[in-house]
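**Student:** Data file coords-v9.cif (mmCIF, C-alpha atoms and all ligand atoms) is appended below.
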data_protein
#
loop_
_atom_site.label_atom_id
_atom_site.label_comp_id
_atom_site.auth_asym_id
_atom_site.auth_seq_id
_atom_site.Cartn_x
_atom_site.Cartn_y
_atom_site.Cartn_z
CA MET A 1 99.08 104.17 -98.41
CA LYS A 2 99.52 100.48 -99.21
CA THR A 3 102.00 98.79 -96.90
CA VAL A 4 102.56 95.54 -95.11
CA GLU A 5 103.14 95.90 -91.39
CA ASN A 6 106.37 97.61 -90.58
CA ILE A 7 108.64 94.86 -89.28
CA ASN A 8 112.27 95.69 -88.81
CA VAL A 9 114.14 94.63 -91.96
CA PRO A 10 117.82 93.96 -91.28
CA HIS A 11 120.29 95.23 -93.85
CA PRO A 12 123.55 93.42 -94.52
CA PHE A 13 125.60 96.53 -95.38
CA PRO A 14 125.00 100.20 -96.21
CA TYR A 15 124.28 100.56 -99.93
CA GLN A 16 123.39 103.63 -101.91
CA GLY A 17 120.04 103.09 -103.65
CA SER A 18 118.92 100.46 -101.14
CA LYS A 19 115.17 99.91 -101.18
CA ARG A 20 115.12 99.18 -97.47
CA GLY A 21 113.04 102.27 -96.69
CA ILE A 22 110.32 101.49 -99.22
CA ALA A 23 110.33 97.68 -99.38
CA ARG A 24 107.11 97.55 -97.36
CA TYR A 25 105.32 99.57 -100.08
CA ILE A 26 106.47 97.09 -102.72
CA LEU A 27 105.56 93.82 -100.96
CA PRO A 28 101.77 94.32 -101.29
CA TYR A 29 102.20 93.78 -105.04
CA PHE A 30 103.55 90.26 -104.49
CA PRO A 31 101.18 87.44 -105.51
CA PRO A 32 100.66 84.73 -102.85
CA ASP A 33 102.26 81.79 -104.63
CA VAL A 34 105.80 82.94 -105.41
CA ARG A 35 108.10 80.00 -105.93
CA TYR A 36 111.31 81.93 -106.72
CA LEU A 37 111.76 85.62 -106.02
CA ILE A 38 114.47 86.68 -108.45
CA GLU A 39 116.38 89.94 -107.90
CA PRO A 40 118.69 90.45 -110.90
CA PHE A 41 120.04 93.87 -109.71
CA CYS A 42 120.18 92.95 -106.05
CA GLY A 43 122.76 95.32 -104.49
CA SER A 44 121.97 94.95 -100.78
CA GLY A 45 118.87 92.86 -101.62
CA ALA A 46 116.48 94.91 -99.48
CA VAL A 47 113.29 93.68 -101.17
CA SER A 48 114.34 90.02 -100.99
CA ILE A 49 115.22 90.38 -97.31
CA ALA A 50 111.88 92.03 -96.56
CA ALA A 51 110.02 89.38 -98.57
CA ALA A 52 111.85 86.61 -96.70
CA GLY A 53 110.93 88.29 -93.40
CA HIS A 54 107.27 88.18 -94.42
CA GLY A 55 107.44 84.63 -95.84
CA LEU A 56 106.44 85.85 -99.31
CA ALA A 57 108.59 83.49 -101.42
CA LYS A 58 109.85 79.92 -101.07
CA HIS A 59 113.25 80.46 -102.71
CA PHE A 60 115.38 83.43 -103.69
CA VAL A 61 117.84 84.26 -106.47
CA LEU A 62 120.17 87.19 -105.82
CA ASN A 63 122.27 88.48 -108.69
CA ASP A 64 124.40 91.54 -109.30
CA LEU A 65 126.97 92.17 -112.01
CA ASN A 66 129.36 93.34 -109.31
CA ARG A 67 131.25 90.10 -108.62
CA PRO A 68 133.00 91.18 -105.37
CA LEU A 69 129.60 92.22 -104.03
CA MET A 70 128.22 88.76 -104.72
CA ASP A 71 131.29 87.19 -103.08
CA LEU A 72 130.38 89.24 -100.03
CA TRP A 73 126.82 87.90 -100.25
CA SER A 74 128.24 84.38 -100.37
CA GLU A 75 130.12 85.00 -97.10
CA ILE A 76 126.98 86.48 -95.52
CA LEU A 77 125.03 83.34 -96.33
CA GLU A 78 127.74 80.70 -95.82
CA HIS A 79 130.15 82.04 -93.18
CA PRO A 80 128.44 84.93 -91.37
CA ASN A 81 130.35 84.53 -88.10
CA ILE A 82 133.78 84.55 -89.75
CA LEU A 83 132.77 87.62 -91.77
CA CYS A 84 131.59 89.43 -88.63
CA ASP A 85 134.79 88.56 -86.77
CA GLU A 86 136.82 89.96 -89.65
CA TYR A 87 134.72 93.13 -89.68
CA GLU A 88 135.23 93.59 -85.95
CA ARG A 89 138.98 93.09 -86.31
CA GLN A 90 139.23 95.76 -89.02
CA TRP A 91 136.93 98.15 -87.17
CA LEU A 92 139.15 97.96 -84.06
CA GLU A 93 142.43 98.08 -86.02
CA GLN A 94 141.39 101.28 -87.80
CA GLN A 95 140.95 103.32 -84.63
CA PRO A 96 144.37 105.01 -84.22
CA ASP A 97 144.21 106.44 -87.79
CA ARG A 98 140.93 105.70 -89.58
CA LYS A 99 141.85 107.68 -92.65
CA ALA A 100 145.14 105.89 -93.32
CA TYR A 101 143.59 102.50 -92.52
CA PHE A 102 140.79 103.07 -95.02
CA PHE A 103 143.30 103.75 -97.83
CA LYS A 104 145.32 100.68 -96.86
CA VAL A 105 142.23 98.44 -97.04
CA ARG A 106 141.06 100.07 -100.27
CA ASN A 107 144.43 99.48 -101.95
CA GLU A 108 144.48 95.88 -100.81
CA PHE A 109 140.87 95.30 -101.88
CA ASN A 110 141.68 96.52 -105.39
CA ILE A 111 144.19 93.65 -105.64
CA THR A 112 142.47 90.90 -103.61
CA HIS A 113 138.71 91.64 -103.98
CA ASN A 114 138.41 90.13 -100.54
CA PRO A 115 134.77 90.16 -99.27
CA HIS A 116 135.55 91.15 -95.70
CA GLN A 117 137.53 94.13 -96.97
CA LEU A 118 134.60 95.13 -99.16
CA LEU A 119 132.32 94.99 -96.13
CA TYR A 120 134.65 97.33 -94.23
CA LEU A 121 134.81 99.73 -97.23
CA LEU A 122 131.01 99.73 -97.60
CA ALA A 123 130.65 100.60 -93.93
CA ARG A 124 133.09 103.51 -94.23
CA ILE A 125 132.38 105.11 -97.63
CA VAL A 126 130.35 108.27 -98.14
CA LYS A 127 126.63 107.40 -98.05
CA GLY A 128 127.25 103.76 -98.97
CA SER A 129 127.84 104.92 -102.53
CA ILE A 130 130.19 102.58 -104.42
CA ARG A 131 132.29 104.23 -107.12
CA TYR A 132 134.79 102.77 -109.53
CA SER A 133 137.36 104.47 -111.75
CA SER A 134 137.19 103.91 -115.49
CA ASP A 135 139.72 101.08 -115.10
CA GLY A 136 137.54 99.31 -112.53
CA GLN A 137 139.34 100.37 -109.35
CA PHE A 138 137.23 101.03 -106.26
CA ASN A 139 137.91 104.74 -105.69
CA GLN A 140 135.22 106.06 -103.35
CA SER A 141 136.46 108.02 -100.32
CA ALA A 142 135.75 107.41 -96.66
CA ASP A 143 133.46 109.47 -94.50
CA ASN A 144 136.17 110.22 -91.95
CA ARG A 145 133.73 111.81 -89.49
CA ARG A 146 132.37 108.33 -88.78
CA SER A 147 133.92 104.99 -87.84
CA GLY A 148 131.36 102.89 -89.72
CA MET A 149 128.69 100.65 -88.22
CA LYS A 150 129.60 99.32 -84.78
CA PRO A 151 130.68 95.65 -84.88
CA ASN A 152 127.81 94.46 -82.67
CA THR A 153 125.20 96.15 -84.85
CA MET A 154 126.84 94.77 -87.98
CA ARG A 155 126.89 91.29 -86.46
CA GLN A 156 123.23 91.41 -85.55
CA ASN A 157 122.25 92.59 -89.04
CA ILE A 158 124.37 90.03 -90.85
CA LEU A 159 123.26 87.12 -88.69
CA ASP A 160 119.61 88.12 -89.15
CA VAL A 161 119.98 88.40 -92.93
CA SER A 162 121.86 85.11 -93.06
CA MET A 163 119.15 83.37 -91.06
CA LEU A 164 116.43 84.71 -93.37
CA LEU A 165 118.10 83.79 -96.65
CA SER A 166 120.68 81.03 -96.25
CA LYS A 167 119.65 77.54 -97.45
CA LYS A 168 116.98 78.99 -99.75
CA THR A 169 119.03 81.39 -101.86
CA THR A 170 121.00 80.95 -105.08
CA LEU A 171 123.63 83.57 -105.90
CA ALA A 172 124.94 84.71 -109.29
CA ALA A 173 127.11 87.52 -110.65
CA VAL A 174 126.08 87.80 -114.30
CA ASP A 175 124.25 90.26 -116.54
CA PHE A 176 120.58 90.54 -115.48
CA ARG A 177 119.37 88.96 -118.75
CA GLU A 178 121.06 85.66 -117.93
CA VAL A 179 119.06 85.39 -114.73
CA VAL A 180 115.78 86.69 -116.05
CA LYS A 181 115.63 84.14 -118.84
CA LYS A 182 115.41 81.34 -116.25
CA ALA A 183 112.23 82.75 -114.64
CA LYS A 184 109.03 80.69 -114.81
CA GLU A 185 105.40 81.78 -114.68
CA ASN A 186 105.02 81.13 -110.94
CA ASP A 187 108.15 83.13 -110.07
CA LEU A 188 108.40 86.87 -109.46
CA VAL A 189 111.22 89.07 -110.70
CA TYR A 190 111.91 92.30 -108.81
CA MET A 191 114.15 94.68 -110.75
CA ASP A 192 115.84 97.81 -109.46
CA PRO A 193 118.23 98.73 -112.28
CA PRO A 194 120.79 101.55 -112.05
CA TYR A 195 119.22 104.98 -112.10
CA GLN A 196 119.11 106.51 -115.55
CA GLY A 197 119.94 109.83 -113.96
CA THR A 198 123.25 108.50 -112.72
CA SER A 199 124.28 105.95 -115.34
CA PHE A 200 126.63 106.86 -118.16
CA THR A 201 127.80 109.94 -116.32
CA ARG A 202 131.34 110.71 -115.27
CA ASP A 203 130.20 109.81 -111.79
CA HIS A 204 130.51 106.01 -111.83
CA ARG A 205 127.95 105.36 -109.15
CA TYR A 206 127.30 101.82 -110.27
CA LEU A 207 129.65 99.27 -111.68
CA ASN A 208 127.83 99.32 -115.01
CA GLY A 209 125.40 101.61 -116.69
CA LEU A 210 122.44 100.03 -118.38
CA ALA A 211 121.15 101.17 -121.77
CA TYR A 212 117.44 102.02 -121.82
CA ASP A 213 116.80 100.23 -125.12
CA GLU A 214 118.45 97.04 -123.91
CA PHE A 215 116.38 97.08 -120.78
CA VAL A 216 113.16 97.60 -122.77
CA ALA A 217 114.08 94.73 -125.11
CA ALA A 218 114.54 92.44 -122.09
CA LEU A 219 111.10 93.47 -120.77
CA CYS A 220 109.49 92.65 -124.16
CA TYR A 221 111.06 89.21 -123.99
CA MET A 222 109.82 88.68 -120.42
CA ASN A 223 106.30 89.70 -121.47
CA SER A 224 106.41 87.12 -124.28
CA LEU A 225 107.10 84.44 -121.62
CA ASN A 226 104.33 85.70 -119.27
CA ILE A 227 106.83 86.42 -116.53
CA SER A 228 105.57 88.37 -113.53
CA TYR A 229 107.81 91.28 -112.64
CA ILE A 230 107.97 94.51 -110.67
CA ILE A 231 110.34 97.31 -111.63
CA SER A 232 111.49 100.24 -109.56
CA TYR A 233 112.53 102.66 -112.24
CA ASP A 234 113.70 106.21 -111.73
CA GLY A 235 111.49 108.62 -109.93
CA VAL A 236 110.59 112.19 -109.28
CA THR A 237 112.29 114.20 -106.56
CA GLY A 238 110.60 117.52 -105.95
CA GLU A 239 110.25 118.94 -109.44
CA LYS A 240 112.98 116.87 -111.01
CA THR A 241 112.24 113.66 -112.89
CA TYR A 242 115.01 111.12 -113.37
CA GLY A 243 114.98 109.23 -116.62
CA LYS A 244 112.25 108.59 -119.17
CA SER A 245 109.21 106.41 -118.50
CA LEU A 246 108.96 102.90 -119.85
CA PRO A 247 107.08 102.53 -123.18
CA ILE A 248 103.27 102.22 -123.09
CA ASN A 249 103.32 99.26 -125.50
CA LEU A 250 104.84 97.07 -122.77
CA GLY A 251 101.38 97.15 -121.13
CA LEU A 252 102.76 97.86 -117.65
CA LYS A 253 100.78 99.27 -114.72
CA HIS A 254 102.56 102.39 -113.53
CA LEU A 255 102.23 103.20 -109.82
CA GLN A 256 103.87 105.96 -107.87
CA ILE A 257 105.08 105.52 -104.32
CA HIS A 258 105.64 108.50 -102.05
CA ALA A 259 108.94 107.46 -100.55
CA GLY A 260 109.82 110.40 -98.32
CA ARG A 261 113.26 111.92 -98.51
CA SER A 262 115.48 109.44 -100.34
CA SER A 263 119.16 108.71 -100.03
CA GLN A 264 119.30 109.55 -103.74
CA ALA A 265 117.90 113.03 -103.03
CA THR A 266 120.33 113.44 -100.16
CA LEU A 267 123.20 112.37 -102.37
CA LEU A 268 122.16 114.96 -104.94
CA GLY A 269 121.97 117.56 -102.17
CA ASN A 270 118.28 118.40 -101.87
CA ASN A 271 115.44 118.01 -99.40
CA HIS A 272 112.58 117.11 -101.71
CA GLU A 273 110.32 114.15 -101.29
CA THR A 274 110.99 111.32 -103.71
CA ILE A 275 108.19 109.68 -105.63
CA GLU A 276 109.31 106.27 -106.79
CA SER A 277 107.89 104.73 -109.92
CA LEU A 278 106.82 101.14 -109.70
CA TYR A 279 105.84 99.20 -112.82
CA LEU A 280 103.93 95.90 -112.73
CA SER A 281 104.02 93.47 -115.65
CA PRO A 282 100.78 92.39 -117.39
CA SER A 283 101.13 88.82 -116.07
CA LEU A 284 101.58 90.05 -112.53
CA VAL A 285 98.48 92.24 -112.78
CA CYS A 286 96.47 89.18 -113.87
CA ARG A 287 97.86 87.16 -110.99
CA LEU A 288 96.97 89.90 -108.50
CA GLU A 289 93.45 90.27 -109.92
CA ILE A 290 92.70 86.60 -109.32
CA ASN A 291 94.21 86.71 -105.84
CA LYS A 292 92.30 89.62 -104.36
CA PRO A 293 91.40 87.84 -101.09
CA PHE A 294 95.12 87.45 -100.36
CA ARG A 295 95.66 91.14 -100.96
CA LYS A 296 92.88 92.03 -98.54
CA ARG A 297 95.11 90.66 -95.76
CA TYR A 298 97.37 93.62 -96.50
CA HIS A 299 94.44 96.04 -96.10
CA ILE A 300 94.66 97.39 -99.63
CA PRO A 301 91.30 99.09 -100.27
CA GLU A 302 89.83 98.03 -103.63
CA GLN A 303 89.22 101.57 -104.84
CA GLN A 304 92.84 102.50 -104.23
CA GLU A 305 94.21 99.79 -106.43
CA PHE A 306 96.25 101.17 -109.28
CA LEU A 307 95.24 104.65 -108.25
CA PHE A 308 98.02 106.15 -110.28
CA ALA A 309 97.78 103.92 -113.32
C1 LIG B 1 119.89 100.58 -107.77
S1 LIG B 1 121.09 99.35 -107.40
C2 LIG B 1 120.10 98.11 -106.61
C3 LIG B 1 119.86 98.44 -105.16
C4 LIG B 1 119.05 97.35 -104.46
N1 LIG B 1 117.66 97.37 -104.85
C5 LIG B 1 119.14 97.43 -102.94
O1 LIG B 1 118.12 97.36 -102.25
O2 LIG B 1 120.26 97.56 -102.44
C6 LIG B 1 121.40 98.65 -108.99
C7 LIG B 1 122.40 97.49 -109.00
O3 LIG B 1 122.45 96.95 -110.33
C8 LIG B 1 123.76 96.43 -110.56
N2 LIG B 1 123.92 96.32 -112.03
C9 LIG B 1 124.21 97.27 -112.93
N3 LIG B 1 124.14 96.80 -114.20
C10 LIG B 1 123.79 95.49 -114.10
C11 LIG B 1 123.53 94.45 -115.06
N4 LIG B 1 123.66 94.67 -116.37
N5 LIG B 1 123.16 93.23 -114.61
C12 LIG B 1 123.07 92.99 -113.27
N6 LIG B 1 123.30 93.94 -112.31
C13 LIG B 1 123.66 95.17 -112.72
C14 LIG B 1 124.68 97.43 -109.85
O4 LIG B 1 125.93 96.84 -109.52
C15 LIG B 1 123.83 97.83 -108.62
O5 LIG B 1 124.20 97.09 -107.48
#
What's the structure tokens form of this structure?
Ligand SMILES: C[S@@+](CC[C@H](N)C(=O)[O-])C[C@H]1O[C@@H](n2cnc3c(N)ncnc32)[C@H](O)[C@@H]1O
**Tutor:**
Amino acid sequence: MKTVENINVPHPFPYQGSKRGIARYILPYFPPDVRYLIEPFCGSGAVSIAAAGHGLAKHFVLNDLNRPLMDLWSEILEHPNILCDEYERQWLEQQPDRKAYFFKVRNEFNITHNPHQLLYLLARIVKGSIRYSSDGQFNQSADNRRSGMKPNTMRQNILDVSMLLSKKTTLAAVDFREVVKKAKENDLVYMDPPYQGTSFTRDHRYLNGLAYDEFVAALCYMNSLNISYIISYDGVTGEKTYGKSLPINLGLKHLQIHAGRSSQATLLGNNHETIESLYLSPSLVCRLEINKPFRKRYHIPEQQEFLFA
């Protein structure tokens, strides 16, 4: 299996769909000369954090349509100590009645959109799975069996992430297309859009669903500009496949990563192994072909390249 060495990747907050567990299988498909790594659907930014930990890009762009989430990212990068102090205060204050405290913070957050309250909610909600009502109110419930990540652990994670990404990261909270259109040929775009299997359902797992056709149109446009990109796009869990594959005429290399038992599978209540689909853009494949010596450092045997293409 193609991996980079397994260094500990800090995570800034629990997030359903985080690629933290499989980031090390994705990094070997990075070319060596990445100027900007752009993550238009960043969520908890697991791939960017892992890439920063391995020194695989000079600069980073993190974007997510969820504005309060990006305000939280801004605090992580700009004021990590204040954020951690606020988390600790809430974590301690909740102790006499965690259930009531969670509802109090959730109600306040729906008015203020305060980043430190969002951090507390993310630490307490069921499986880090954000849900919004149809009128945009955060309505996920707490996992009342747990108190949420201990303040010291949270502090260590946030300070580590802040150290890796602050001063070299630009943040945005716009539709992915706005960010993608700024990419240049020596950049790399990593995209992990909302799961087709869970978008446009009554279960509002992500802030916004994303239409398949619109996503494909954006990929066509990126191909026309020779942009290098990697997409994580729906997978197979046991016998179930989520979503339809991307069209052949995009010329993508389709790889499959055996990702173990995913949080997605757990959320859907089964024990099957998840196989994640990874798609590489034509420009990226060219860049990787001409940079084979770099890839050898990651011990990727030649004959295994694109095994599943
Ligand atoms: C599967 S999650 C990404 C998880 C991420 N890879 C991680 O490691 O945490 C998809 C994200 O896309 C965001 N999103 C949904 N529609 C979007 C859009 N049109 N433009 C930008 N972000 C969007 C959601 O808010 C969600 O955070």
**Student:** Can you tell me, as a tab-separated table (two decimals) with C-alpha atoms, in the coordinates of the input, what residues are no more than 10 Å from region 181-184 of chain A when counting only C-alpha atoms, ignoring any on the same chain fewer than 5 positions away?
**Tutor:**
chain	number	residue	atom	x	y	z
A	35	ARG	CA	108.10	80.00	-105.93
A	36	TYR	CA	111.31	81.93	-106.72
A	37	LEU	CA	111.76	85.62	-106.02
A	38	ILE	CA	114.47	86.68	-108.45
A	176	PHE	CA	120.58	90.54	-115.48
A	189	VAL	CA	111.22	89.07	-110.70
A	218	ALA	CA	114.54	92.44	-122.09
A	221	TYR	CA	111.06	89.21	-123.99
A	222	MET	CA	109.82	88.68	-120.42
A	225	LEU	CA	107.10	84.44	-121.62
A	226	ASN	CA	104.33	85.70	-119.27
A	227	ILE	CA	106.83	86.42	-116.53
A	228	SER	CA	105.57	88.37	-113.53
A	229	TYR	CA	107.81	91.28	-112.64
**Student:** Go through A:Arg287, A:Arg155, A:Lys127, A:His59 one by one, measure the shortest atom-to-atom distance of each to His11 (chain A) using all atoms listed in the file, and give the residue with the smallest value.
**Tutor:**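 The answer is A:Arg155, which sits nearest to His11 (chain A).
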**Student:** Tell me which protein, DNA and RNA residues are within 8 Å of region 94-107 of chain A, counting all atoms listed in the file, leaving out same-chain ones fewer than 6 positions away, and put them as a tab-separated table (two decimals) with C-alpha atoms, in the coordinates of the input.
**Tutor:**
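So the final result, stored in part08.tsv, reads:
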chain	number	residue	atom	x	y	z
A	117	GLN	CA	137.53	94.13	-96.97
A	121	LEU	CA	134.81	99.73	-97.23
A	124	ARG	CA	133.09	103.51	-94.23
A	138	PHE	CA	137.23	101.03	-106.26
A	139	ASN	CA	137.91	104.74	-105.69
A	142	ALA	CA	135.75	107.41	-96.66
A	144	ASN	CA	136.17	110.22	-91.95
A	147	SER	CA	133.92	104.99	-87.84
**Student:** Could the residues that lie within 8 Å of ligand LIG 1 (chain B), counting only C-alpha atoms and all ligand atoms, be listed as a ChimeraX atom specification?
**Tutor:** /A:15-20,40-47,63-66,173-177,191-195,206-210
**Student:** I'd like the interatomic distance between CA of Glu75 (chain A) and CA of Arg145 (chain A), to a tenth of an Å.
**Tutor:**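 Calculated distance between CA of Glu75 (chain A) and CA of Arg145 (chain A) is 28.1 Å.
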**Student:** Separation of CA of Asn114 (chain A) and CA of Thr169 (chain A), in Å?
**Tutor:** 21.3 Å
